[in-house]
file protein23.cif (mmCIF, C-alpha atoms)
data_protein
#
loop_
_atom_site.label_atom_id
_atom_site.label_comp_id
_atom_site.auth_asym_id
_atom_site.auth_seq_id
_atom_site.Cartn_x
_atom_site.Cartn_y
_atom_site.Cartn_z
CA MET A 1111 22.73 24.23 -12.71
CA PRO A 1112 23.49 27.97 -12.89
CA GLU A 1113 27.10 29.04 -13.13
CA GLU A 1114 28.84 29.90 -9.87
CA THR A 1115 30.00 33.44 -9.27
CA GLU A 1116 33.59 34.35 -8.41
CA ASN A 1117 32.65 35.04 -4.79
CA ASN A 1118 30.23 32.83 -2.98
CA PRO A 1119 27.03 34.95 -2.58
CA HIS A 1120 25.77 32.71 0.21
CA PRO A 1121 28.47 32.06 2.83
CA GLN A 1122 26.22 29.63 4.71
CA PHE A 1123 26.35 27.35 1.63
CA THR A 1124 29.40 25.92 -0.10
CA LYS A 1125 30.11 27.11 -3.66
CA ASP A 1126 28.96 23.72 -4.93
CA GLU A 1127 25.67 23.95 -3.05
CA LEU A 1128 23.82 27.07 -4.17
CA PRO A 1129 20.49 27.57 -2.36
CA ARG A 1130 17.75 25.60 -4.13
CA VAL A 1131 14.62 27.55 -5.10
CA LEU A 1132 11.46 25.86 -6.37
CA VAL A 1133 9.25 28.05 -8.59
CA ILE A 1134 5.64 26.93 -9.16
CA ASP A 1135 3.52 28.77 -11.72
CA ASP A 1136 1.25 27.46 -14.47
CA GLU A 1137 2.37 30.29 -16.78
CA GLU A 1138 5.50 29.26 -18.66
CA PRO A 1139 6.73 32.88 -19.25
CA ILE A 1140 6.66 33.53 -15.48
CA ARG A 1141 8.61 30.34 -14.79
CA ARG A 1142 11.18 31.27 -17.41
CA LEU A 1143 11.41 34.85 -16.12
CA LEU A 1144 12.03 33.71 -12.54
CA ALA A 1145 14.54 31.05 -13.59
CA THR A 1146 16.50 33.62 -15.64
CA GLY A 1147 16.28 36.37 -13.02
CA LEU A 1148 17.44 34.15 -10.14
CA SER A 1149 20.12 32.15 -11.94
CA GLY A 1150 23.68 32.70 -10.80
CA LYS A 1151 22.81 33.08 -7.14
CA TYR A 1152 20.37 30.18 -6.88
CA HIS A 1153 19.76 26.72 -8.26
CA VAL A 1154 16.24 27.18 -9.69
CA SER A 1155 13.82 24.33 -10.42
CA ALA A 1156 10.41 25.03 -11.97
CA ALA A 1157 7.06 23.23 -11.87
CA ALA A 1158 3.87 23.96 -13.83
CA SER A 1159 1.49 22.56 -11.21
CA ALA A 1160 1.25 21.74 -7.53
CA GLU A 1161 1.24 18.05 -8.40
CA GLU A 1162 4.49 18.34 -10.35
CA ALA A 1163 5.98 20.39 -7.50
CA ALA A 1164 4.97 17.79 -4.91
CA ASP A 1165 6.77 15.13 -6.93
CA MET A 1166 9.91 17.30 -7.04
CA ILE A 1167 9.75 18.00 -3.30
CA SER A 1168 9.54 14.26 -2.63
CA LYS A 1169 12.86 13.80 -4.45
CA SER A 1170 14.87 16.92 -3.55
CA VAL A 1171 15.38 19.34 -0.69
CA PHE A 1172 14.54 22.99 -1.44
CA ASN A 1173 15.59 26.01 0.61
CA ILE A 1174 12.79 28.31 -0.58
CA ILE A 1175 9.49 27.84 -2.45
CA ILE A 1176 7.87 30.51 -4.64
CA CYS A 1177 4.30 29.64 -5.65
CA ASP A 1178 1.51 31.30 -7.61
CA ILE A 1179 -1.92 31.30 -5.92
CA CYS A 1180 -3.97 30.52 -9.05
CA MET A 1181 -3.00 27.01 -10.11
CA PRO A 1182 -4.76 24.22 -12.05
CA GLU A 1183 -6.27 21.25 -10.16
CA ILE A 1184 -4.77 22.09 -6.76
CA SER A 1185 -4.66 25.80 -5.92
CA GLY A 1186 -1.55 27.51 -4.64
CA LYS A 1187 -3.35 28.14 -1.36
CA GLU A 1188 -4.10 24.44 -0.83
CA PHE A 1189 -0.56 23.55 -1.81
CA PHE A 1190 0.87 26.10 0.61
CA GLU A 1191 -1.27 24.72 3.44
CA GLU A 1192 -0.07 21.16 2.77
CA CYS A 1193 3.58 22.22 2.45
CA HIS A 1194 3.40 24.20 5.66
CA LYS A 1195 2.27 21.07 7.49
CA VAL A 1196 4.99 18.85 6.03
CA ILE A 1197 7.97 21.20 5.62
CA PRO A 1198 7.19 24.20 7.87
CA GLU A 1199 10.87 25.13 8.03
CA VAL A 1200 11.00 26.02 4.29
CA PRO A 1201 10.15 29.70 3.59
CA PHE A 1202 7.17 30.04 1.25
CA ILE A 1203 6.70 33.17 -0.91
CA VAL A 1204 3.22 33.50 -2.44
CA LEU A 1205 2.74 35.15 -5.85
CA THR A 1206 -0.49 36.72 -7.08
CA GLY A 1207 -1.66 38.79 -10.02
CA GLN A 1208 -4.65 40.06 -8.02
CA PRO A 1209 -3.29 41.24 -4.67
CA LYS A 1210 -5.69 41.79 -1.79
CA PHE A 1211 -4.71 43.30 1.53
CA THR A 1212 -6.79 40.80 3.53
CA ASP A 1213 -5.20 37.88 1.64
CA ALA A 1214 -1.73 39.22 2.39
CA ILE A 1215 -2.54 39.42 6.11
CA ASN A 1216 -4.03 35.92 6.15
CA TYR A 1217 -1.17 34.25 4.26
CA VAL A 1218 1.49 35.77 6.49
CA LYS A 1219 -0.57 34.94 9.57
CA GLU A 1220 -0.78 31.31 8.39
CA GLY A 1221 2.99 31.06 7.98
CA ALA A 1222 3.90 32.37 4.52
CA PHE A 1223 7.17 34.30 4.45
CA TYR A 1224 5.83 36.96 2.09
CA TYR A 1225 2.90 37.83 -0.19
CA LEU A 1226 4.32 39.22 -3.47
CA ALA A 1227 2.28 40.91 -6.20
CA LYS A 1228 2.88 40.55 -9.93
CA PRO A 1229 4.54 41.98 -11.99
CA ILE A 1230 7.55 40.79 -10.03
CA ASP A 1231 9.91 43.35 -8.54
CA PHE A 1232 13.21 41.45 -8.75
CA HIS A 1233 15.01 43.84 -6.45
CA LEU A 1234 12.39 43.21 -3.77
CA LEU A 1235 12.34 39.48 -4.48
CA GLY A 1236 16.12 39.29 -4.17
CA SER A 1237 15.98 41.02 -0.79
CA LEU A 1238 13.25 38.68 0.36
CA LEU A 1239 15.22 35.58 -0.63
CA GLU A 1240 18.32 36.81 1.20
CA LYS A 1241 16.26 37.62 4.28
CA ALA A 1242 14.51 34.24 4.16
CA LEU A 1243 17.82 32.40 3.96
CA SER A 1244 19.37 34.39 6.79
CA GLU A 1245 16.39 33.72 9.07
CA LYS A 1246 15.97 30.07 8.09
CA LYS A 1247 16.50 27.44 10.76
CA VAL A 1248 19.61 25.31 10.66
CA GLU A 1249 18.91 22.48 8.25
CA PHE A 1250 18.79 18.83 9.19
CA ASN A 1251 21.80 17.12 7.62
CA PRO A 1252 21.07 13.39 7.49
CA ALA A 1253 24.43 12.41 6.06
CA GLU A 1254 26.27 14.27 8.83
CA THR A 1255 23.96 12.80 11.48
CA PHE A 1256 24.69 9.26 10.40
CA HIS A 1257 28.39 9.76 9.87
CA LYS A 1258 28.57 10.83 13.51
CA SER A 1259 26.71 7.79 14.79
CA ASP A 1260 27.41 4.06 14.96
CA PHE A 1261 25.43 2.87 11.96
CA ASN A 1262 26.27 -0.81 11.72
CA GLY A 1263 28.82 -0.34 8.99
CA TYR A 1264 26.55 1.42 6.48
CA LYS A 1265 28.27 4.25 4.62
CA VAL A 1266 25.99 7.10 3.58
CA ILE A 1267 26.68 8.14 -0.01
CA LYS A 1268 24.08 10.78 -0.82
CA SER A 1269 20.49 11.91 -0.30
CA LEU A 1270 17.93 10.41 -2.68
CA GLY A 1271 15.25 12.95 -1.73
CA SER A 1272 12.77 14.06 0.90
CA GLY A 1273 9.11 13.24 1.39
CA ASN A 1274 6.27 13.72 3.86
CA SER A 1275 7.87 11.63 6.58
CA GLY A 1276 11.52 12.56 6.15
CA THR A 1277 14.56 11.82 4.05
CA VAL A 1278 15.77 8.85 2.00
CA LEU A 1279 19.52 8.22 1.70
CA LEU A 1280 21.62 5.96 -0.47
CA ALA A 1281 24.07 3.88 1.56
CA GLU A 1282 26.61 1.14 0.91
CA LYS A 1283 27.74 -1.82 2.98
CA GLU A 1284 30.07 -4.61 1.91
CA GLY A 1285 29.65 -3.72 -1.75
CA ASN A 1286 25.83 -3.65 -1.69
CA PHE A 1287 23.58 -0.59 -1.94
CA TYR A 1288 20.66 0.18 0.39
CA ALA A 1289 18.01 2.88 0.81
CA ILE A 1290 17.73 4.36 4.30
CA LYS A 1291 14.44 6.05 5.14
CA ILE A 1292 14.79 8.44 8.08
CA LEU A 1293 11.96 9.90 10.13
CA ARG A 1294 12.62 13.55 10.81
CA LYS A 1295 11.33 14.58 14.23
CA ASP A 1296 11.78 18.28 13.49
CA ILE A 1297 9.02 18.17 10.86
CA ASP A 1298 5.54 18.79 12.31
CA PRO A 1299 6.65 18.27 15.95
CA ASP A 1300 3.08 18.63 17.23
CA ASN A 1301 2.20 15.33 15.53
CA SER A 1302 5.52 13.59 16.11
CA ALA A 1303 3.92 10.77 18.14
CA VAL A 1304 1.45 9.95 15.36
CA ARG A 1305 4.15 10.18 12.71
CA LEU A 1306 6.44 7.88 14.71
CA LYS A 1307 3.54 5.43 15.08
CA ARG A 1308 3.01 5.37 11.32
CA PHE A 1309 6.72 4.96 10.72
CA MET A 1310 6.85 2.05 13.17
CA GLN A 1311 3.86 0.44 11.50
CA GLU A 1312 5.45 0.71 8.06
CA SER A 1313 8.62 -1.02 9.25
CA GLU A 1314 6.70 -3.69 11.18
CA ILE A 1315 4.69 -4.46 8.04
CA LEU A 1316 7.69 -4.54 5.71
CA LYS A 1317 9.52 -6.82 8.18
CA GLN A 1318 6.78 -9.43 7.75
CA ILE A 1319 6.52 -9.11 3.97
CA ASN A 1320 8.61 -11.18 1.59
CA HIS A 1321 7.39 -10.66 -1.94
CA PRO A 1322 9.28 -10.13 -5.21
CA ASN A 1323 7.22 -7.04 -6.08
CA ILE A 1324 7.45 -5.28 -2.71
CA VAL A 1325 10.49 -3.37 -1.46
CA LYS A 1326 12.30 -5.52 1.12
CA LEU A 1327 13.23 -4.30 4.61
CA PHE A 1328 16.54 -5.32 6.23
CA GLU A 1329 16.84 -3.36 9.50
CA PHE A 1330 15.08 -0.64 11.48
CA ASN A 1331 15.52 1.41 14.62
CA HIS A 1332 12.60 2.89 16.57
CA ASP A 1333 14.53 4.06 19.61
CA ASP A 1334 12.60 7.01 21.03
CA LYS A 1335 15.91 8.49 22.16
CA SER A 1336 17.19 8.58 18.60
CA SER A 1337 16.97 11.93 16.84
CA ALA A 1338 16.11 10.12 13.61
CA PRO A 1339 14.48 6.65 13.65
CA TYR A 1340 15.27 4.81 10.43
CA ILE A 1341 14.40 1.93 8.11
CA ILE A 1342 17.03 0.22 5.95
CA MET A 1343 15.46 -1.11 2.76
CA GLU A 1344 16.32 -2.66 -0.55
CA PHE A 1345 17.68 -0.04 -2.97
CA ILE A 1346 15.89 -0.10 -6.31
CA ASN A 1347 17.96 1.23 -9.19
CA GLY A 1348 15.07 2.46 -11.28
CA LYS A 1349 12.45 5.17 -11.68
CA GLN A 1350 8.99 5.85 -10.35
CA LEU A 1351 6.19 4.84 -12.69
CA SER A 1352 5.11 8.50 -12.62
CA ALA A 1353 8.38 9.44 -14.34
CA HIS A 1354 7.79 6.85 -17.07
CA ILE A 1355 4.26 8.20 -17.64
CA LYS A 1356 5.39 11.84 -17.63
CA GLN A 1357 8.36 11.20 -19.93
CA LYS A 1358 6.19 9.01 -22.18
CA THR A 1359 8.62 6.13 -22.01
CA GLU A 1360 8.20 3.83 -25.00
CA MET A 1361 6.53 0.70 -23.66
CA THR A 1362 4.81 -2.08 -25.52
CA PHE A 1363 1.29 -3.17 -24.70
CA ALA A 1364 2.72 -6.35 -23.16
CA GLU A 1365 5.11 -4.38 -20.93
CA LYS A 1366 2.28 -2.21 -19.62
CA ILE A 1367 0.15 -5.27 -18.92
CA TYR A 1368 3.15 -6.82 -17.15
CA ILE A 1369 3.38 -3.75 -14.88
CA ILE A 1370 -0.33 -3.83 -13.98
CA ASN A 1371 -0.21 -7.57 -13.32
CA GLN A 1372 2.75 -7.17 -10.95
CA ILE A 1373 1.01 -4.37 -9.04
CA ALA A 1374 -2.08 -6.56 -8.67
CA TYR A 1375 0.10 -9.51 -7.61
CA ALA A 1376 1.79 -7.43 -4.87
CA LEU A 1377 -1.52 -6.02 -3.63
CA ASP A 1378 -3.20 -9.42 -3.61
CA TYR A 1379 -0.40 -10.60 -1.31
CA VAL A 1380 -0.71 -7.68 1.14
CA HIS A 1381 -4.51 -7.93 1.11
CA ARG A 1382 -4.29 -11.58 2.08
CA CYS A 1383 -2.00 -10.46 4.92
CA GLY A 1384 -4.82 -8.22 6.15
CA ILE A 1385 -3.23 -4.97 4.92
CA LEU A 1386 -4.70 -2.18 2.78
CA HIS A 1387 -2.11 -0.02 1.07
CA ARG A 1388 -4.36 3.08 0.68
CA ASP A 1389 -1.86 5.05 -1.38
CA VAL A 1390 -1.51 3.19 -4.67
CA LYS A 1391 -0.22 5.75 -7.18
CA PRO A 1392 2.57 5.97 -9.80
CA GLU A 1393 4.92 7.68 -7.32
CA ASN A 1394 4.78 4.61 -5.08
CA ILE A 1395 5.52 2.16 -7.91
CA LEU A 1396 9.22 1.77 -8.65
CA ILE A 1397 10.18 0.29 -12.01
CA ALA A 1398 13.50 -1.57 -12.04
CA GLU A 1399 15.26 -3.37 -14.89
CA ASN A 1400 13.12 -5.33 -17.35
CA PHE A 1401 10.04 -3.45 -16.07
CA THR A 1402 10.08 -5.26 -12.73
CA VAL A 1403 7.68 -3.57 -10.28
CA LYS A 1404 8.47 -2.77 -6.66
CA LEU A 1405 5.58 -1.49 -4.54
CA THR A 1406 6.70 0.89 -1.79
CA ASP A 1407 5.53 3.39 0.86
CA PHE A 1408 3.22 1.69 3.36
CA GLY A 1409 3.20 4.82 5.52
CA ILE A 1410 -0.58 5.28 5.56
CA CYS A 1411 -1.67 1.68 5.16
CA LYS A 1412 -4.40 0.13 7.27
CA VAL A 1413 -3.96 -3.16 9.12
CA SER A 1414 -6.95 -5.33 10.03
CA GLU A 1415 -7.42 -6.21 13.70
CA SER A 1416 -4.38 -4.22 14.76
CA GLY A 1417 -3.78 -1.97 17.72
CA ILE A 1418 -1.53 0.21 15.61
CA THR A 1419 -3.82 1.00 12.70
CA MET A 1420 -3.94 4.47 11.29
CA THR A 1421 -6.57 7.04 12.17
CA SER A 1422 -9.96 7.03 10.48
CA ASP A 1423 -9.12 10.32 8.74
CA VAL A 1424 -9.29 10.61 4.97
CA MET A 1425 -5.80 9.72 3.75
CA GLY A 1426 -4.22 9.10 0.38
CA SER A 1427 -3.53 10.91 -2.89
CA PRO A 1428 -6.84 12.43 -4.06
CA ALA A 1429 -6.50 11.68 -7.79
CA TYR A 1430 -6.16 7.93 -7.08
CA MET A 1431 -8.66 7.59 -4.22
CA SER A 1432 -11.88 5.62 -4.51
CA PRO A 1433 -15.24 7.35 -3.95
CA GLU A 1434 -15.69 5.71 -0.53
CA SER A 1435 -12.18 6.72 0.59
CA PHE A 1436 -13.29 10.33 0.94
CA ASP A 1437 -15.61 9.35 3.79
CA SER A 1438 -13.22 7.66 6.24
CA ALA A 1439 -10.83 4.76 6.59
CA LYS A 1440 -13.68 2.69 8.03
CA THR A 1441 -15.41 2.55 4.65
CA GLN A 1442 -12.34 1.18 2.83
CA ASP A 1443 -11.44 -2.40 1.99
CA ARG A 1444 -9.36 -4.17 -0.67
CA ARG A 1445 -11.74 -2.93 -3.36
CA SER A 1446 -10.59 0.65 -2.61
CA ASP A 1447 -7.04 -0.33 -3.59
CA ILE A 1448 -8.48 -2.02 -6.70
CA PHE A 1449 -10.11 1.29 -7.71
CA SER A 1450 -6.69 2.97 -7.36
CA VAL A 1451 -5.17 0.32 -9.64
CA GLY A 1452 -7.94 1.12 -12.13
CA VAL A 1453 -7.01 4.81 -12.11
CA LEU A 1454 -3.35 3.92 -12.53
CA CYS A 1455 -4.15 1.48 -15.37
CA TYR A 1456 -6.26 4.11 -17.16
CA GLU A 1457 -3.42 6.64 -16.88
CA LEU A 1458 -0.77 4.18 -18.05
CA PHE A 1459 -2.71 3.25 -21.21
CA THR A 1460 -4.17 6.67 -22.11
CA GLY A 1461 -1.58 9.13 -20.76
CA THR A 1462 -4.16 10.98 -18.69
CA ARG A 1463 -6.15 10.36 -15.51
CA PRO A 1464 -9.84 9.50 -15.63
CA PHE A 1465 -10.91 12.16 -13.10
CA HIS A 1466 -10.08 15.86 -13.03
CA GLY A 1467 -10.74 18.98 -10.99
CA ASP A 1468 -9.28 22.44 -10.46
CA ASN A 1469 -9.08 21.81 -6.71
CA PHE A 1470 -9.53 19.06 -4.15
CA TYR A 1471 -13.31 19.45 -3.91
CA GLN A 1472 -13.88 19.42 -7.67
CA LEU A 1473 -11.66 16.35 -7.97
CA MET A 1474 -13.56 14.61 -5.18
CA GLU A 1475 -16.88 15.42 -6.86
CA SER A 1476 -15.56 14.10 -10.18
CA ILE A 1477 -14.50 10.79 -8.60
CA ARG A 1478 -17.78 10.43 -6.73
CA GLU A 1479 -20.25 11.60 -9.36
CA LYS A 1480 -18.83 11.95 -12.88
CA LYS A 1481 -18.22 9.37 -15.59
CA PRO A 1482 -14.76 9.41 -17.18
CA GLU A 1483 -14.09 9.38 -20.90
CA ALA A 1484 -14.05 5.86 -22.32
CA PRO A 1485 -10.34 4.95 -22.61
CA LYS A 1486 -10.79 3.67 -26.20
CA LYS A 1487 -11.73 7.22 -27.23
CA LEU A 1488 -8.29 8.35 -26.04
CA ASN A 1489 -6.44 5.25 -27.22
CA PRO A 1490 -8.29 3.53 -30.08
CA GLN A 1491 -5.71 0.71 -30.09
CA LEU A 1492 -6.92 -0.44 -26.68
CA PRO A 1493 -8.69 -3.82 -26.85
CA ASN A 1494 -12.34 -3.92 -25.77
CA TRP A 1495 -11.62 -6.46 -23.04
CA LEU A 1496 -9.10 -4.15 -21.31
CA GLN A 1497 -11.60 -1.30 -21.34
CA ASP A 1498 -14.07 -3.69 -19.70
CA VAL A 1499 -11.53 -4.72 -17.06
CA MET A 1500 -10.84 -1.04 -16.30
CA ALA A 1501 -14.57 -0.38 -16.06
CA LYS A 1502 -15.00 -3.11 -13.46
CA MET A 1503 -12.09 -1.70 -11.41
CA LEU A 1504 -13.44 1.86 -11.66
CA ASP A 1505 -17.08 1.24 -10.80
CA LYS A 1506 -18.15 3.78 -8.19
CA ASN A 1507 -20.01 1.02 -6.34
CA PRO A 1508 -17.47 -1.21 -4.53
CA ASP A 1509 -19.87 -4.18 -4.76
CA LYS A 1510 -19.62 -4.09 -8.55
CA ARG A 1511 -15.81 -4.09 -8.67
CA PHE A 1512 -13.57 -7.13 -8.71
CA GLY A 1513 -13.60 -8.75 -5.28
CA SER A 1514 -9.84 -9.22 -5.20
CA CYS A 1515 -6.67 -8.40 -7.12
CA ALA A 1516 -6.43 -12.12 -7.92
CA GLU A 1517 -9.64 -11.73 -9.96
CA VAL A 1518 -8.09 -8.76 -11.78
CA MET A 1519 -5.06 -10.87 -12.73
CA LYS A 1520 -7.27 -13.80 -13.74
CA ALA A 1521 -9.30 -11.64 -16.13
CA ILE A 1522 -6.25 -9.95 -17.67
CA ASN A 1523 -4.28 -13.14 -18.09
CA PHE A 1524 -7.19 -15.02 -19.60
CA TYR A 1525 -7.75 -12.41 -22.30
CA VAL A 1526 -4.02 -12.05 -23.01
CA ASN A 1527 -3.72 -15.83 -23.41
CA GLU A 1528 -6.90 -15.95 -25.49
CA ALA A 1529 -5.50 -13.33 -27.87
CA SER A 1530 -2.20 -15.16 -28.26
CA SER A 1531 -3.92 -18.51 -28.88
CA ASN A 1532 -6.53 -17.06 -31.26
CA ALA A 1533 -9.35 -18.63 -29.22
CA THR A 1534 -12.82 -18.09 -30.54
CA ALA A 1535 -14.88 -15.36 -28.89
CA GLY A 1536 -17.75 -17.81 -28.43
CA SER A 1537 -15.90 -20.39 -26.36
CA ILE A 1538 -17.46 -21.49 -23.05
CA THR A 1539 -14.52 -20.18 -21.03
CA THR A 1540 -14.71 -16.81 -22.78
CA ARG A 1541 -18.44 -16.53 -22.06
CA ILE A 1542 -17.85 -17.37 -18.39
CA LEU A 1543 -15.14 -14.69 -18.11
CA LYS A 1544 -17.31 -12.14 -19.83
CA SER A 1545 -20.13 -12.91 -17.43
CA MET A 1546 -17.74 -11.84 -14.63
CA LEU A 1547 -17.41 -8.46 -16.34
CA ILE A 1548 -21.10 -7.55 -16.28
CA MET A 1549 -21.03 -3.98 -14.99
CA SER A 1550 -22.66 -0.59 -14.96
CA ASN A 1551 -21.90 1.77 -17.78
CA VAL A 1552 -19.07 3.70 -16.12
CA TRP A 1553 -18.01 5.66 -19.21
CA LYS A 1554 -19.43 8.81 -20.78
#

call {"tool": "encode", "arguments": {"input": "protein23.cif", "output": "structure tokens"}}
result
Amino acid sequence: MPEETENNPHPQFTKDELPRVLVIDDEEPIRRLLATGLSGKYHVSAAASAEEAADMISKSVFNIIICDICMPEISGKEFFEECHKVIPEVPFIVLTGQPKFTDAINYVKEGAFYYLAKPIDFHLLGSLLEKALSEKKVEFNPAETFHKSDFNGYKVIKSLGSGNSGTVLLAEKEGNFYAIKILRKDIDPDNSAVRLKRFMQESEILKQINHPNIVKLFEFNHDDKSSAPYIIMEFINGKQLSAHIKQKTEMTFAEKIYIINQIAYALDYVHRCGILHRDVKPENILIAENFTVKLTDFGICKVSESGITMTSDVMGSPAYMSPESFDSAKTQDRRSDIFSVGVLCYELFTGTRPFHGDNFYQLMESIREKKPEAPKKLNPQLPNWLQDVMAKMLDKNPDKRFGSCAEVMKAINFYVNEASSNATAGSITTRILKSMLIMSNVWK
């Protein structure tokens, strides 16, 4: 946190709440330059990629975003377009080392606050930030909203972060902590009906689910007259799996297997309830004490035979989507979620994802057409059987994948138990299990 100045430079903010600026640039010197140049007047956070920035936006509220156009995997332009849909009220300043007049016109026309050329003119940038803050809409204050309303005795403590659908708060009641997910109607008002429908579906699903590895729902309010419909859920005192992967948390092989097994266990349950999650990724896996998994965020799930299913649009997080998921929701089934678990498993055991691309279309082509590196090449300690299990989850042909998450667990548990009991590789049971893992050569 930068030091506060003697006089508050931003009267619309308290001295303890400097405006929060998110800087996104894949060049470390530029990130450092911006952080140094803006410190004192702003709380500056920096991200090296659009993916890292998206994770930060899901956890914190930013007042201004500054983003380079040329970015790895997801371009600054694509990231800007997505941000403008989700958080249109946040001013977005675009940076470029190759300015073009037509680009400047198009970006501003599409909603960017300014198109700024490198090298950065800090005097101009400072003026732009001040202007952006002065013109910015009055912010939604969830804590204030709930303190003013009758909220069944829940006391809002702080914000836990913001995501695509709204804000998550930490609350307390009778000595217990809860997470309150609030739907913000001021975000993307043109699609508010669809967003409310998804929000209602998520709460209706969670209300019916009672599983040790799925976040539990306690209360919800869908009153159309409410400025902020909400869901009150179990509060998980832990971290997203993505944070463990990024921070390279020391985990044993057994602990990682335990995490994958719990994810499969939770998904097998929801699949048997006729639900597809459709957004299985490390950000939606919370890890509590003793590596206990809690699956969360059913906002874009698909429910079989339901009048409130989601649209048939392509939905999900591209890096974890199955090849068929890029066509439409109609082509997805439980095997699509199994593919996502395969991607997640690969990343957990190797530290990198199996599929890559500089933008959405390259990533989609990689998932659909290209073979990933064999995980044992990246992690030689990986047992052959786990590489085979990953291969069966990651087959591009759904018919060649495991038919259910129960089969995934059965294969993993058998081999883990076989290793601990020193069973012979030629046993009948082992041969039967291996016959289940007959697959295409999915690796390079």

call {"tool": "residues_near_point", "arguments": {"input": "protein23.cif", "point": "(5.5, 33.4, 4.5)", "cutoff": "7 Å", "atoms": "all atoms listed in the file", "output": "number ranges by chain"}}
result
A: 1201-1203, 1217-1218, 1221-1225

call {"tool": "write_last_selection", "arguments": {"input": "protein23.cif", "atoms": "C-alpha atoms", "output": "PDB file, in the coordinates of the input"}}
result
ATOM      1  CA  PRO A1201      10.150  29.700   3.590  1.00  0.00           C
ATOM      2  CA  PHE A1202       7.170  30.040   1.250  1.00  0.00           C
ATOM      3  CA  ILE A1203       6.700  33.170  -0.910  1.00  0.00           C
ATOM      4  CA  TYR A1217      -1.170  34.250   4.260  1.00  0.00           C
ATOM      5  CA  VAL A1218       1.490  35.770   6.490  1.00  0.00           C
ATOM      6  CA  GLY A1221       2.990  31.060   7.980  1.00  0.00           C
ATOM      7  CA  ALA A1222       3.900  32.370   4.520  1.00  0.00           C
ATOM      8  CA  PHE A1223       7.170  34.300   4.450  1.00  0.00           C
ATOM      9  CA  TYR A1224       5.830  36.960   2.090  1.00  0.00           C
ATOM     10  CA  TYR A1225       2.900  37.830  -0.190  1.00  0.00           C
TER      11      TYR A1225
END

call {"tool": "closest_atom_pairs", "arguments": {"input": "protein23.cif", "of": "range 1447-1492 of chain A", "to": "range 1507-1525 of chain A", "cutoff": "12 Å", "atoms": "all atoms listed in the file", "output": "tab-separated table"}}
result
residue	atom	partner	partner_atom	distance
A:Asp1447	CA	A:Cys1515	CA	8.8
A:Ile1448	CA	A:Cys1515	CA	6.6
A:Phe1449	CA	A:Arg1511	CA	7.9
A:Ser1450	CA	A:Cys1515	CA	11.4
A:Val1451	CA	A:Cys1515	CA	9.2
A:Gly1452	CA	A:Val1518	CA	9.9
A:Cys1455	CA	A:Val1518	CA	11.5
A:Ile1477	CA	A:Asn1507	CA	11.4
A:Arg1478	CA	A:Asn1507	CA	9.7
A:Glu1479	CA	A:Asn1507	CA	11.0

call {"tool": "resolve_selection", "arguments": {"input": "protein23.cif", "expression": "the PyMOL selection byres ((chain A and resi 1363) around 12)", "output": "list of chain:residue names"}}
result
A:Glu1360, A:Met1361, A:Thr1362, A:Ala1364, A:Glu1365, A:Lys1366, A:Ile1367, A:Tyr1368, A:Ile1369, A:Ile1370, A:Cys1455, A:Leu1458, A:Phe1459, A:Thr1460, A:Asn1489, A:Gln1491, A:Leu1492, A:Pro1493, A:Leu1496, A:Val1526

call {"tool": "write_last_selection", "arguments": {"input": "protein23.cif", "atoms": "C-alpha atoms", "output": "compact mmCIF listing (two decimals), in the frame of the given file"}}
result
# COMPACT_ATOMS: atom_id res chain seq x y z
CA GLU A 1360 8.20 3.83 -25.00
CA MET A 1361 6.53 0.70 -23.66
CA THR A 1362 4.81 -2.08 -25.52
CA ALA A 1364 2.72 -6.35 -23.16
CA GLU A 1365 5.11 -4.38 -20.93
CA LYS A 1366 2.28 -2.21 -19.62
CA ILE A 1367 0.15 -5.27 -18.92
CA TYR A 1368 3.15 -6.82 -17.15
CA ILE A 1369 3.38 -3.75 -14.88
CA ILE A 1370 -0.33 -3.83 -13.98
CA CYS A 1455 -4.15 1.48 -15.37
CA LEU A 1458 -0.77 4.18 -18.05
CA PHE A 1459 -2.71 3.25 -21.21
CA THR A 1460 -4.17 6.67 -22.11
CA ASN A 1489 -6.44 5.25 -27.22
CA GLN A 1491 -5.71 0.71 -30.09
CA LEU A 1492 -6.92 -0.44 -26.68
CA PRO A 1493 -8.69 -3.82 -26.85
CA LEU A 1496 -9.10 -4.15 -21.31
CA VAL A 1526 -4.02 -12.05 -23.01

call {"tool": "closest_residue", "arguments": {"input": "protein23.cif", "among": "A:Asp1213, A:Asn1551, A:Val1131, A:Ala1353", "to": "Glu1162 in chain A", "atoms": "only C-alpha atoms"}}
result
A:Ala1353

call {"tool": "atom_distance", "arguments": {"input": "protein23.cif", "atom1": "CA of Ala1214 in chain A", "atom2": "CA of Lys1151 in chain A"}}
result
27.0 Å

call {"tool": "residues_near_point", "arguments": {"input": "protein23.cif", "point": "(-17.0, 11.6, -9.0)", "cutoff": "12 Å", "atoms": "only C-alpha atoms", "output": "VMD selection string"}}
result
chain A and resid 1428 to 1436 1464 to 1467 1470 to 1482 1504 to 1507 1552 to 1553

call {"tool": "atom_distance", "arguments": {"input": "protein23.cif", "atom1": "CA of Ser1530 in chain A", "atom2": "CA of Leu1351 in chain A"}}
result
26.7 Å

call {"tool": "resolve_selection", "arguments": {"input": "protein23.cif", "expression": "the PyMOL selection byres ((chain A and resi 1176-1179) around 6)", "output": "ChimeraX atom specification"}}
result
/A:1133-1135,1175,1180,1186-1187,1202-1206

call {"tool": "resolve_selection", "arguments": {"input": "protein23.cif", "expression": "the PyMOL selection byres ((chain A and resi 1281) around 7)", "output": "list of chain:residue names"}}
result
A:Tyr1264, A:Lys1265, A:Val1266, A:Ile1267, A:Leu1279, A:Leu1280, A:Glu1282, A:Lys1283, A:Phe1287, A:Tyr1288, A:Ala1289, A:Ile1290
